[in-house]
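Student: protein34.cif is the file, holding mmCIF, C-alpha atoms and all ligand atoms:
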```
data_work
loop_
_atom_site.label_atom_id
_atom_site.label_comp_id
_atom_site.auth_asym_id
_atom_site.auth_seq_id
_atom_site.Cartn_x
_atom_site.Cartn_y
_atom_site.Cartn_z
CA MET E 9 80.24 136.38 138.25
CA SER E 10 83.12 135.61 135.92
CA TYR E 11 84.59 132.13 135.66
CA PHE E 12 87.51 132.78 133.34
CA ASN E 13 90.41 135.06 133.98
CA VAL E 14 90.99 135.56 130.26
CA GLU E 15 90.27 138.51 127.96
CA LYS E 16 88.25 138.13 124.77
CA ILE E 17 90.34 136.21 122.21
CA SER E 18 91.10 138.15 119.05
CA TYR E 19 93.04 137.72 115.84
CA GLU E 20 96.70 138.74 116.03
CA GLY E 21 98.04 136.96 112.94
CA PRO E 22 100.51 134.14 112.29
CA LYS E 23 103.49 136.00 113.79
CA SER E 24 101.90 136.55 117.20
CA LYS E 25 103.54 134.83 120.19
CA ASN E 26 100.51 135.40 122.41
CA PRO E 27 99.00 131.96 123.11
CA PHE E 28 95.66 133.62 123.90
CA SER E 29 95.14 134.92 120.37
CA PHE E 30 94.08 133.57 117.00
CA LYS E 31 96.92 133.16 114.53
CA TYR E 32 94.80 132.13 111.52
CA TYR E 33 91.14 132.51 112.49
CA ASN E 34 90.20 136.03 111.54
CA PRO E 35 86.38 135.96 111.71
CA ASP E 36 85.75 138.86 109.33
CA GLU E 37 88.41 137.99 106.75
CA ILE E 38 86.91 137.17 103.36
CA VAL E 39 87.85 133.85 101.82
CA LEU E 40 86.24 132.95 98.47
CA GLY E 41 83.54 135.56 98.91
CA LYS E 42 82.47 134.66 102.47
CA THR E 43 83.81 135.57 105.88
CA MET E 44 85.73 132.92 107.79
CA LYS E 45 83.00 133.09 110.41
CA GLU E 46 80.40 132.15 107.78
CA HIS E 47 82.55 129.35 106.37
CA CYS E 48 83.43 127.75 109.69
CA ARG E 49 80.27 128.16 111.80
CA PHE E 50 82.23 127.00 114.86
CA ALA E 51 80.30 125.44 117.71
CA MET E 52 81.10 124.52 121.30
CA SER E 53 80.18 121.05 122.54
CA TYR E 54 78.42 121.51 125.86
CA TRP E 55 79.35 118.06 127.16
CA HIS E 56 83.12 118.07 126.65
CA THR E 57 83.49 121.70 127.65
CA LEU E 58 81.24 122.12 130.68
CA THR E 59 80.66 118.68 132.12
CA TYR E 60 83.76 116.59 131.33
CA MET E 61 85.86 116.25 134.45
CA GLY E 62 88.82 114.27 133.15
CA ASN E 63 87.63 110.79 134.09
CA ASP E 64 89.06 107.86 132.17
CA PRO E 65 88.62 104.10 132.67
CA PHE E 66 91.53 104.12 135.15
CA GLY E 67 90.92 107.21 137.18
CA GLY E 68 88.45 109.79 138.43
CA PRO E 69 88.16 113.51 137.89
CA THR E 70 91.15 115.80 137.44
CA MET E 71 89.13 118.88 136.51
CA PHE E 72 87.43 120.60 139.41
CA ARG E 73 85.63 123.45 137.72
CA PRO E 74 84.71 126.59 139.62
CA TRP E 75 81.18 126.48 138.15
CA ASP E 76 80.66 123.05 139.74
CA ASN E 77 81.34 124.42 143.19
CA THR E 78 77.91 123.62 144.70
CA ASN E 79 76.09 120.47 145.78
CA ASP E 80 72.75 121.68 144.48
CA THR E 81 72.47 120.02 141.06
CA MET E 82 70.08 122.60 139.59
CA GLU E 83 72.23 125.47 140.82
CA LYS E 84 75.21 123.72 139.24
CA ALA E 85 73.34 123.41 135.94
CA ILE E 86 72.57 127.12 135.95
CA GLU E 87 76.17 128.06 136.72
CA ARG E 88 77.30 125.84 133.86
CA VAL E 89 75.09 127.86 131.52
CA HIS E 90 76.70 131.07 132.71
CA ALA E 91 80.18 129.61 132.30
CA ALA E 92 79.29 128.27 128.84
CA PHE E 93 78.15 131.63 127.53
CA GLU E 94 81.04 133.53 129.09
CA PHE E 95 83.37 131.04 127.41
CA MET E 96 81.73 131.18 123.96
CA ASP E 97 81.50 134.94 124.09
CA LYS E 98 85.20 135.30 124.96
CA MET E 99 86.14 132.70 122.32
CA GLN E 100 83.99 134.30 119.58
CA ILE E 101 82.21 130.97 119.09
CA PRO E 102 78.81 131.66 117.49
CA PHE E 103 77.06 128.31 118.18
CA PHE E 104 76.70 125.54 120.75
CA CYS E 105 75.56 121.89 120.62
CA PHE E 106 74.06 119.95 123.52
CA HIS E 107 72.52 116.70 124.74
CA ASP E 108 69.45 116.95 126.98
CA ALA E 109 71.47 115.27 129.73
CA ASP E 110 74.29 117.85 129.53
CA ILE E 111 72.19 120.83 130.45
CA ALA E 112 69.99 119.58 133.31
CA PRO E 113 70.26 116.82 135.90
CA ARG E 114 67.84 113.92 135.49
CA GLY E 115 64.87 113.95 137.83
CA LYS E 116 63.30 111.00 139.65
CA ASP E 117 61.09 110.36 136.61
CA LEU E 118 60.51 111.65 133.08
CA LYS E 119 58.12 114.34 134.29
CA GLU E 120 60.60 115.84 136.72
CA THR E 121 63.44 115.57 134.20
CA ASN E 122 61.34 117.50 131.68
CA GLU E 123 60.47 120.20 134.23
CA ARG E 124 64.14 120.62 135.00
CA LEU E 125 64.95 120.90 131.31
CA ASP E 126 62.35 123.65 130.93
CA LYS E 127 63.90 125.63 133.77
CA ILE E 128 67.42 125.45 132.30
CA VAL E 129 66.20 126.14 128.77
CA ALA E 130 64.76 129.42 130.05
CA VAL E 131 68.19 130.37 131.45
CA ILE E 132 69.90 129.38 128.19
CA LYS E 133 67.45 131.51 126.22
CA GLU E 134 68.28 134.54 128.35
CA GLU E 135 71.96 134.02 127.71
CA MET E 136 71.35 133.53 123.98
CA ASN E 137 69.49 136.83 123.86
CA ARG E 138 72.22 138.59 125.82
CA THR E 139 75.10 137.32 123.66
CA GLY E 140 73.58 136.57 120.24
CA ILE E 141 75.02 133.04 120.40
CA LYS E 142 72.86 130.41 118.67
CA CYS E 143 72.11 126.71 118.92
CA LEU E 144 73.62 124.61 116.12
CA TRP E 145 72.05 121.36 117.26
CA GLY E 146 70.45 119.48 120.07
CA THR E 147 70.37 115.76 120.68
CA THR E 148 69.24 113.14 123.16
CA ASN E 149 71.48 111.14 125.44
CA ALA E 150 69.75 107.78 125.04
CA PHE E 151 72.84 105.76 125.87
CA GLY E 152 74.18 106.71 129.30
CA ASP E 153 71.38 105.58 131.59
CA ASP E 154 71.18 101.92 132.64
CA LYS E 155 67.76 101.48 131.02
CA PHE E 156 69.57 101.72 127.66
CA VAL E 157 71.75 98.73 128.42
CA HIS E 158 70.39 96.87 125.36
CA GLY E 159 69.93 99.96 123.19
CA ALA E 160 67.27 102.65 122.84
CA GLY E 161 65.45 102.45 119.49
CA THR E 162 67.03 99.04 118.99
CA SER E 163 66.36 97.72 122.49
CA CYS E 164 64.78 94.26 122.83
CA ASN E 165 62.53 95.87 125.46
CA ALA E 166 59.59 97.76 123.91
CA THR E 167 59.09 99.93 127.00
CA VAL E 168 62.65 101.21 126.57
CA PHE E 169 61.83 102.05 122.93
CA ALA E 170 58.85 104.04 124.21
CA TYR E 171 60.97 105.85 126.81
CA ALA E 172 63.60 106.74 124.21
CA ALA E 173 60.88 108.12 121.95
CA ALA E 174 59.53 110.24 124.79
CA GLN E 175 62.99 111.56 125.56
CA ILE E 176 63.63 112.40 121.89
CA LYS E 177 60.24 114.12 121.67
CA LYS E 178 61.21 116.42 124.55
CA ALA E 179 64.72 117.04 123.21
CA MET E 180 63.24 118.02 119.83
CA GLU E 181 60.85 120.41 121.57
CA ILE E 182 63.62 122.16 123.48
CA THR E 183 65.87 122.25 120.41
CA LYS E 184 63.02 123.98 118.59
CA GLU E 185 62.51 126.34 121.54
CA LEU E 186 66.19 127.28 121.36
CA GLY E 187 66.03 127.83 117.60
CA GLY E 188 68.37 124.87 116.94
CA GLU E 189 69.28 124.62 113.26
CA ASN E 190 69.75 120.85 113.36
CA TYR E 191 68.85 117.83 115.43
CA VAL E 192 71.35 114.97 115.71
CA PHE E 193 70.88 111.24 116.10
CA TRP E 194 73.96 109.45 117.31
CA GLY E 195 73.05 105.87 118.19
CA GLY E 196 75.26 105.37 121.20
CA ARG E 197 73.82 101.97 122.06
CA GLU E 198 72.21 101.25 118.69
CA GLY E 199 74.28 98.23 117.76
CA TYR E 200 75.07 94.82 119.15
CA GLU E 201 77.61 92.82 121.09
CA THR E 202 76.79 89.31 119.85
CA LEU E 203 74.57 87.80 117.19
CA LEU E 204 73.86 84.88 119.55
CA ASN E 205 71.10 86.98 121.16
CA THR E 206 70.33 89.64 118.56
CA ASP E 207 67.58 89.99 115.93
CA THR E 208 69.33 92.54 113.71
CA GLY E 209 66.42 92.62 111.22
CA LEU E 210 63.90 93.68 113.86
CA GLU E 211 66.33 96.10 115.50
CA LEU E 212 67.05 97.93 112.24
CA ASP E 213 63.34 98.04 111.33
CA ASN E 214 62.67 99.55 114.75
CA LEU E 215 65.42 102.13 114.38
CA ALA E 216 63.80 103.20 111.12
CA ARG E 217 60.39 103.32 112.86
CA LEU E 218 61.81 105.61 115.53
CA LEU E 219 63.32 107.96 112.94
CA LYS E 220 60.04 108.07 110.97
CA MET E 221 58.22 109.04 114.15
CA ALA E 222 60.74 111.85 114.68
CA VAL E 223 60.15 113.13 111.13
CA ASP E 224 56.36 113.04 111.66
CA TYR E 225 56.61 114.81 114.99
CA ALA E 226 58.87 117.53 113.55
CA LYS E 227 56.15 118.26 110.97
CA GLU E 228 53.52 118.31 113.67
CA ILE E 229 55.31 120.87 115.83
CA GLY E 230 56.79 122.86 112.95
CA PHE E 231 60.42 122.06 113.72
CA THR E 232 62.25 123.01 110.53
CA GLY E 233 65.77 122.11 111.63
CA GLN E 234 67.75 119.59 109.65
CA PHE E 235 67.88 115.98 110.91
CA LEU E 236 71.35 114.48 111.04
CA ILE E 237 72.67 110.98 111.62
CA GLU E 238 76.17 110.66 113.01
CA PRO E 239 77.91 107.48 111.85
CA LYS E 240 80.29 105.59 114.12
CA PRO E 241 81.52 102.03 113.57
CA MET E 242 81.98 100.84 117.17
CA GLU E 243 82.23 102.05 120.77
CA PRO E 244 80.29 101.65 122.93
CA THR E 245 78.86 98.61 121.14
CA LYS E 246 81.10 96.22 119.29
CA HIS E 247 79.18 96.85 116.09
CA GLN E 248 77.22 100.10 115.70
CA TYR E 249 74.45 100.05 113.09
CA ASP E 250 75.42 103.52 111.79
CA PHE E 251 78.87 102.20 110.88
CA ASP E 252 79.95 104.80 108.30
CA THR E 253 78.55 107.04 105.58
CA ALA E 254 78.03 104.24 103.07
CA THR E 255 76.18 102.10 105.64
CA VAL E 256 73.96 104.97 106.77
CA LEU E 257 73.15 105.85 103.16
CA SER E 258 72.01 102.34 102.38
CA PHE E 259 69.91 102.27 105.58
CA LEU E 260 68.25 105.58 104.66
CA ARG E 261 67.56 104.35 101.11
CA LYS E 262 66.12 101.04 102.28
CA TYR E 263 63.70 102.74 104.68
CA ASP E 264 62.87 105.63 102.35
CA LEU E 265 64.30 108.22 104.75
CA LEU E 266 66.83 109.83 102.43
CA ASP E 267 64.75 112.99 101.96
CA SER E 268 64.63 113.69 105.68
CA PHE E 269 68.21 113.11 106.84
CA LYS E 270 71.72 114.31 106.22
CA LEU E 271 74.90 113.24 107.98
CA ASN E 272 77.00 114.62 110.78
CA ILE E 273 80.55 113.49 110.09
CA GLU E 274 82.97 113.11 112.98
CA ALA E 275 86.68 112.95 112.15
CA ASN E 276 87.53 110.40 114.84
CA HIS E 277 84.58 108.18 113.86
CA ALA E 278 85.83 108.15 110.27
CA THR E 279 89.25 106.96 111.36
CA LEU E 280 87.74 104.33 113.67
CA ALA E 281 85.90 103.00 110.62
CA GLY E 282 89.19 102.68 108.76
CA HIS E 283 88.49 105.71 106.57
CA THR E 284 90.04 109.13 106.43
CA PHE E 285 88.00 112.14 107.56
CA GLN E 286 88.23 113.37 103.97
CA HIS E 287 86.82 110.09 102.63
CA GLU E 288 83.69 110.36 104.76
CA LEU E 289 83.13 114.00 103.77
CA ASN E 290 83.74 113.07 100.15
CA GLN E 291 81.12 110.30 100.28
CA CYS E 292 78.64 112.77 101.79
CA ARG E 293 79.43 115.37 99.16
CA ILE E 294 78.96 113.12 96.13
CA ASN E 295 75.66 111.87 97.58
CA GLY E 296 74.41 115.33 98.56
CA VAL E 297 74.08 114.50 102.26
CA LEU E 298 76.76 116.59 103.94
CA GLY E 299 74.98 118.05 106.95
CA SER E 300 77.46 119.04 109.64
CA VAL E 301 80.81 118.12 111.15
CA ASP E 302 82.02 117.00 114.57
CA ALA E 303 85.51 118.41 114.50
CA ASN E 304 88.12 116.44 116.41
CA GLN E 305 90.88 113.93 115.76
CA GLY E 306 91.91 110.53 117.05
CA ASP E 307 95.31 109.13 117.87
CA PRO E 308 96.60 106.42 115.54
CA MET E 309 98.53 104.87 118.44
CA LEU E 310 95.44 104.52 120.62
CA GLY E 311 92.65 103.57 118.26
CA TRP E 312 89.60 104.62 120.23
CA ASP E 313 87.39 107.71 120.21
CA THR E 314 89.86 109.98 121.98
CA ASP E 315 88.04 113.14 120.80
CA GLN E 316 91.18 115.27 120.68
CA PHE E 317 91.19 118.84 119.51
CA PRO E 318 92.09 118.92 115.81
CA THR E 319 95.65 120.15 115.31
CA ASN E 320 96.57 118.27 112.15
CA ILE E 321 96.68 120.90 109.42
CA TYR E 322 96.89 118.28 106.67
CA ASP E 323 93.55 116.75 107.72
CA THR E 324 91.74 120.06 108.19
CA THR E 325 92.96 121.25 104.78
CA LEU E 326 91.58 118.18 103.04
CA ALA E 327 88.37 118.36 105.07
CA MET E 328 87.82 122.01 104.21
CA TYR E 329 88.59 121.18 100.59
CA GLU E 330 85.68 118.72 100.49
CA ILE E 331 83.44 121.15 102.37
CA LEU E 332 84.20 123.94 99.88
CA LEU E 333 83.56 121.59 96.96
CA ALA E 334 80.23 120.69 98.58
CA GLY E 335 79.29 124.37 98.55
CA GLY E 336 79.82 124.89 102.29
CA LEU E 337 78.24 123.63 105.48
CA GLY E 338 74.76 125.08 104.92
CA LYS E 339 72.80 124.79 108.17
CA GLY E 340 75.62 122.72 109.67
CA GLY E 341 78.81 123.83 111.30
CA LEU E 342 82.11 122.73 112.79
CA ASN E 343 81.25 121.49 116.25
CA PHE E 344 84.23 120.74 118.46
CA ASP E 345 83.23 117.33 119.73
CA SER E 346 86.68 117.48 121.30
CA LYS E 347 87.91 117.35 124.84
CA VAL E 348 91.04 118.57 126.56
CA ARG E 349 93.43 115.82 127.65
CA ARG E 350 93.15 114.63 131.21
CA GLY E 351 96.39 116.37 132.09
CA SER E 352 95.20 119.70 130.64
CA PHE E 353 92.95 120.34 133.60
CA GLU E 354 93.18 124.09 134.05
CA GLU E 355 90.39 126.40 132.82
CA ASP E 356 92.93 128.17 130.57
CA ASP E 357 93.40 124.89 128.70
CA LEU E 358 89.84 125.17 127.40
CA PHE E 359 90.76 128.42 125.68
CA LEU E 360 94.10 127.17 124.42
CA SER E 361 92.61 124.01 122.97
CA TYR E 362 89.70 125.76 121.23
CA ILE E 363 92.19 128.28 119.82
CA ALA E 364 94.27 125.37 118.50
CA GLY E 365 91.22 123.75 116.90
CA MET E 366 89.80 126.94 115.40
CA ASP E 367 93.18 128.05 114.07
CA THR E 368 93.85 124.64 112.53
CA PHE E 369 90.53 124.73 110.67
CA ALA E 370 90.99 128.37 109.65
CA HIS E 371 94.46 127.60 108.32
CA GLY E 372 93.06 124.57 106.51
CA LEU E 373 90.30 126.70 105.03
CA LYS E 374 92.83 129.16 103.61
CA VAL E 375 94.96 126.41 102.08
CA ALA E 376 91.90 124.66 100.64
CA ALA E 377 90.62 127.93 99.16
CA ALA E 378 94.01 128.63 97.55
CA LEU E 379 94.17 125.12 96.08
CA LEU E 380 90.70 125.56 94.69
CA GLU E 381 91.30 129.05 93.33
CA ASP E 382 94.44 127.92 91.54
CA ARG E 383 92.55 124.82 90.38
CA VAL E 384 95.62 122.74 91.26
CA LEU E 385 93.80 119.48 91.92
CA GLU E 386 90.69 120.20 89.85
CA ASP E 387 92.67 120.81 86.65
CA PHE E 388 94.77 117.72 87.32
CA LYS E 389 91.64 115.62 87.81
CA ALA E 390 90.02 117.09 84.70
CA ARG E 391 93.03 116.07 82.62
CA ARG E 392 93.14 112.64 84.28
CA TYR E 393 89.57 111.87 83.21
CA ALA E 394 89.71 113.70 79.86
CA SER E 395 89.17 110.46 77.93
CA TYR E 396 85.48 110.63 78.96
CA GLN E 397 85.05 114.02 77.28
CA GLU E 398 85.16 112.73 73.70
CA GLY E 399 85.04 109.67 71.49
CA ILE E 400 84.29 106.33 73.09
CA GLY E 401 84.49 107.78 76.62
CA LYS E 402 81.76 110.28 75.83
CA ASP E 403 79.67 107.51 74.28
CA ILE E 404 79.97 105.54 77.54
CA ILE E 405 78.88 108.54 79.59
CA ASP E 406 76.01 109.31 77.22
CA GLY E 407 74.79 105.73 77.39
CA LYS E 408 75.20 105.29 73.63
CA VAL E 409 77.15 102.02 73.75
CA GLY E 410 76.82 98.55 75.28
CA PHE E 411 79.06 95.49 75.50
CA LYS E 412 78.84 94.70 71.76
CA GLU E 413 79.90 98.18 70.64
CA LEU E 414 82.67 98.25 73.27
CA GLU E 415 83.93 94.88 72.10
CA ALA E 416 84.06 96.16 68.52
CA PHE E 417 85.91 99.24 69.75
CA ALA E 418 88.42 97.20 71.79
CA LEU E 419 89.05 94.79 68.90
CA SER E 420 90.00 97.55 66.53
CA ASN E 421 91.58 100.11 68.89
CA GLY E 422 93.18 98.28 71.81
CA VAL E 423 93.95 100.58 74.75
CA THR E 424 95.91 103.82 74.79
CA LYS E 425 98.90 104.22 77.10
CA ASN E 426 98.13 104.98 80.77
CA THR E 427 99.73 108.04 82.34
CA SER E 428 101.12 108.56 85.85
CA GLY E 429 98.80 109.46 88.74
CA ARG E 430 101.57 111.75 90.08
CA GLN E 431 100.59 111.14 93.69
CA GLU E 432 103.92 112.24 95.17
CA MET E 433 103.99 115.39 93.09
CA LEU E 434 100.49 116.32 94.26
CA GLU E 435 101.41 115.60 97.90
CA SER E 436 104.40 117.88 97.66
CA ILE E 437 102.34 120.65 96.04
CA LEU E 438 99.90 120.28 98.92
CA ASN E 439 102.78 120.72 101.39
CA GLN E 440 103.92 123.78 99.49
CA TYR E 441 100.46 125.36 99.77
CA ILE E 442 100.24 124.53 103.48
CA ALA E 443 103.62 126.14 104.12
CA ASN E 444 103.11 129.24 102.00
CA VAL E 445 99.46 130.18 102.19
CA ASN E 446 100.00 132.99 104.69
CA GLU E 447 102.85 134.68 102.86
C1 LIG J 1 80.21 109.97 120.54
C2 LIG J 1 79.57 110.97 119.72
C3 LIG J 1 78.68 111.93 120.49
C4 LIG J 1 77.73 112.59 119.55
C5 LIG J 1 76.56 113.23 120.20
O1 LIG J 1 81.14 109.30 120.13
O2 LIG J 1 80.55 111.65 119.00
O3 LIG J 1 79.44 112.84 121.21
O4 LIG J 1 78.37 113.57 118.79
O5 LIG J 1 75.80 112.31 120.90
NI NI J 2 80.15 113.37 117.87
NI NI J 3 82.58 110.60 118.97
#
```
Could you write out this file's structure as structure tokens?
Ligand code: XLS
Ligand code: NI
Ligand code: NI

Tutor:
Amino acid sequence: MSYFNVEKISYEGPKSKNPFSFKYYNPDEIVLGKTMKEHCRFAMSYWHTLTYMGNDPFGGPTMFRPWDNTNDTMEKAIERVHAAFEFMDKMQIPFFCFHDADIAPRGKDLKETNERLDKIVAVIKEEMNRTGIKCLWGTTNAFGDDKFVHGAGTSCNATVFAYAAAQIKKAMEITKELGGENYVFWGGREGYETLLNTDTGLELDNLARLLKMAVDYAKEIGFTGQFLIEPKPMEPTKHQYDFDTATVLSFLRKYDLLDSFKLNIEANHATLAGHTFQHELNQCRINGVLGSVDANQGDPMLGWDTDQFPTNIYDTTLAMYEILLAGGLGKGGLNFDSKVRRGSFEEDDLFLSYIAGMDTFAHGLKVAAALLEDRVLEDFKARRYASYQEGIGKDIIDGKVGFKELEAFALSNGVTKNTSGRQEMLESILNQYIANVNE
């Protein structure tokens, strides 16, 4: 059974007019000593690709997928697996990411839900063996069900905490079973609506308790994947506890969890927090916690988590620049936590949108690599901070001086003239690289 009337997508180069081809993503092309495939580690999001039907707050489904053409929910889940692997195979996407709730329908209780998960995991494993496609990460949906109305790990109801833990335990087990390289925590309901009814101290302590239990259990079952926290400032709750990178870092430090977690940075979450995507990646890089990326983009006119496919070359260039400076994605990858627009409801749109996203990142990678190779920004920054390489600047860095010595220095030397930051020049050089990298 084939669900897509599309041939395998291949690289045809920037001059190609064929919409069903890669213009920039050439998996085997070497960039800075690694193939593009190794740099990008692209992943498909199971939820947006297989289960999203186009619903928005004002209207129902617009996407009636051929793999959903049955009333039997388990049969539907199995057909979704087949569609997923046909899609990834044709798209040359080497990884997938999933929530427990994406792959199998919930049962009447936890036991039945877990049995259903086991059945679908067996089908996924067959498809993984057939295609060589791997699992980048698994996660738990502990936000959709009504029991999570007040949160999961931060619920005021201890039995809900227990249920969330049980669900995470199972999701970790199946992620391990599927060879998942990471496990993600995105706290969909871990936040609050009003302080009038919320004990934030207890809720944050409990969130840390839940994460500690996950770390302990991973050791117990020998799950060696990397744990990731995905920051988001708001939506669904008014205030999410994992607001942004800086907030998550201080949480991890406070609860002594920094050794066990890295971060999964989502572009649209960064912008919701009032940061750029690059800023969040930069903060991860300088703190050594860059784990993985949810690749998408928001819309500045809308201001919510629109999860659009990334097509902004400027943003992907600067993102790939930070990723290259960080030494690459390691066990992480670029997961398209992106969904087609409601009006793009045909199956072909899935291909066209993934091509757009993959090409935009591949193009960005090439520009970032060229900028780095030519040391355009790095040399400029080195010159900008040169005053710390010698004299009083070096003494500051080496910890040789305090306030008294600096006062003596300032009294006799004053300050040297500042020089321009040359922002506009650098922005126009960046444009030049974006325009010319493929020539
Ligand atoms: C929602 C999040 C979610 C996580 C996985 O905004 O991005 O999709 O990536 O639970
Ligand atoms: Ni995400
Ligand atoms: Ni999101």

Student: Once you count only C-alpha atoms and all ligand atoms, what closest atom pair and distance in Å to one decimal does each residue of chain E within 9 Å of ligand NI 3 (chain J) have, with rows by chain and rising residue number, as CSV?

Tutor:
```
residue,atom,partner,partner_atom,distance
E:Trp194,CA,J:NI3,NI,8.9
E:Glu238,CA,J:NI3,NI,8.8
E:Lys240,CA,J:NI3,NI,7.3
E:Glu243,CA,J:NI3,NI,8.7
E:Glu274,CA,J:NI3,NI,6.5
E:Ala275,CA,J:NI3,NI,8.3
E:Asn276,CA,J:NI3,NI,6.4
E:His277,CA,J:NI3,NI,6.0
E:Asp302,CA,J:NI3,NI,7.8
E:Asn304,CA,J:NI3,NI,8.4
E:Asp313,CA,J:NI3,NI,5.7
E:Thr314,CA,J:NI3,NI,7.9
E:Asp315,CA,J:NI3,NI,6.3
E:Asp345,CA,J:NI3,NI,6.8
E:Ser346,CA,J:NI3,NI,8.3
```

Student: Would you mind telling me which residue in E:Phe417, E:Phe353, E:Phe95, E:Tyr249 lies nearest to Gly159 (chain E) when using all atoms listed in the file?

Tutor: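 Smallest distance to Gly159 (chain E) is found for E:Tyr249.
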
Student: What residues have an atom no more than 10 Å from (75.9, 129.4, 134.7) in the file's own frame, counting only C-alpha atoms, and can you write them as a list of chain:residue names?

Tutor: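 Selection result: E:Met9, E:Ser10, E:Tyr11, E:Leu58, E:Trp75, E:Asp76, E:Glu83, E:Lys84, E:Ala85, E:Ile86, E:Glu87, E:Arg88, E:Val89, E:His90, E:Ala91, E:Ala92, E:Phe93, E:Glu94, E:Ile128, E:Val131, E:Ile132, E:Glu135.
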
Student: Which is closer to ligand NI 2 (chain J) than all the others in E:Arg391, E:Arg114, E:His107, E:His371, using all atoms listed in the file?

Tutor: E:His107

Student: In Å to one decimal, how far is CA of Ala216 (chain E) from CA of Leu337 (chain E)?

Tutor: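 Going from CA of Leu337 (chain E) over to CA of Ala216 (chain E) covers 25.6 Å.
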
Student: What would the file be for region 409-420 of chain E if you keep N, CA and C atoms and write it as a short mmCIF file (atom, residue, chain, number, x, y, z; two decimals), in the first residue's frame?

Tutor:
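Final output, part_33.cif:
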```
data_model
loop_
_atom_site.label_atom_id
_atom_site.label_comp_id
_atom_site.auth_asym_id
_atom_site.auth_seq_id
_atom_site.Cartn_x
_atom_site.Cartn_y
_atom_site.Cartn_z
N VAL E 409 43.93 41.95 39.15
CA VAL E 409 43.63 43.29 39.66
C VAL E 409 42.26 43.35 40.33
N GLY E 410 42.11 44.27 41.28
CA GLY E 410 40.83 44.53 41.93
C GLY E 410 40.48 46.00 41.77
N PHE E 411 39.50 46.48 42.54
CA PHE E 411 39.04 47.85 42.41
C PHE E 411 40.16 48.87 42.63
N LYS E 412 41.04 48.61 43.60
CA LYS E 412 42.08 49.62 43.91
C LYS E 412 43.04 49.79 42.74
N GLU E 413 43.48 48.66 42.17
CA GLU E 413 44.42 48.72 41.04
C GLU E 413 43.74 49.37 39.83
N LEU E 414 42.44 49.05 39.65
CA LEU E 414 41.72 49.61 38.49
C LEU E 414 41.51 51.10 38.67
N GLU E 415 41.30 51.52 39.91
CA GLU E 415 41.17 52.96 40.16
C GLU E 415 42.49 53.66 39.81
N ALA E 416 43.60 53.08 40.27
CA ALA E 416 44.91 53.67 39.97
C ALA E 416 45.12 53.75 38.46
N PHE E 417 44.71 52.69 37.78
CA PHE E 417 44.86 52.66 36.32
C PHE E 417 44.02 53.76 35.68
N ALA E 418 42.74 53.85 36.11
CA ALA E 418 41.83 54.85 35.51
C ALA E 418 42.31 56.26 35.78
N LEU E 419 42.84 56.50 37.00
CA LEU E 419 43.32 57.85 37.35
C LEU E 419 44.46 58.27 36.43
N SER E 420 45.34 57.35 36.12
CA SER E 420 46.49 57.79 35.32
C SER E 420 46.30 57.58 33.82
#
```
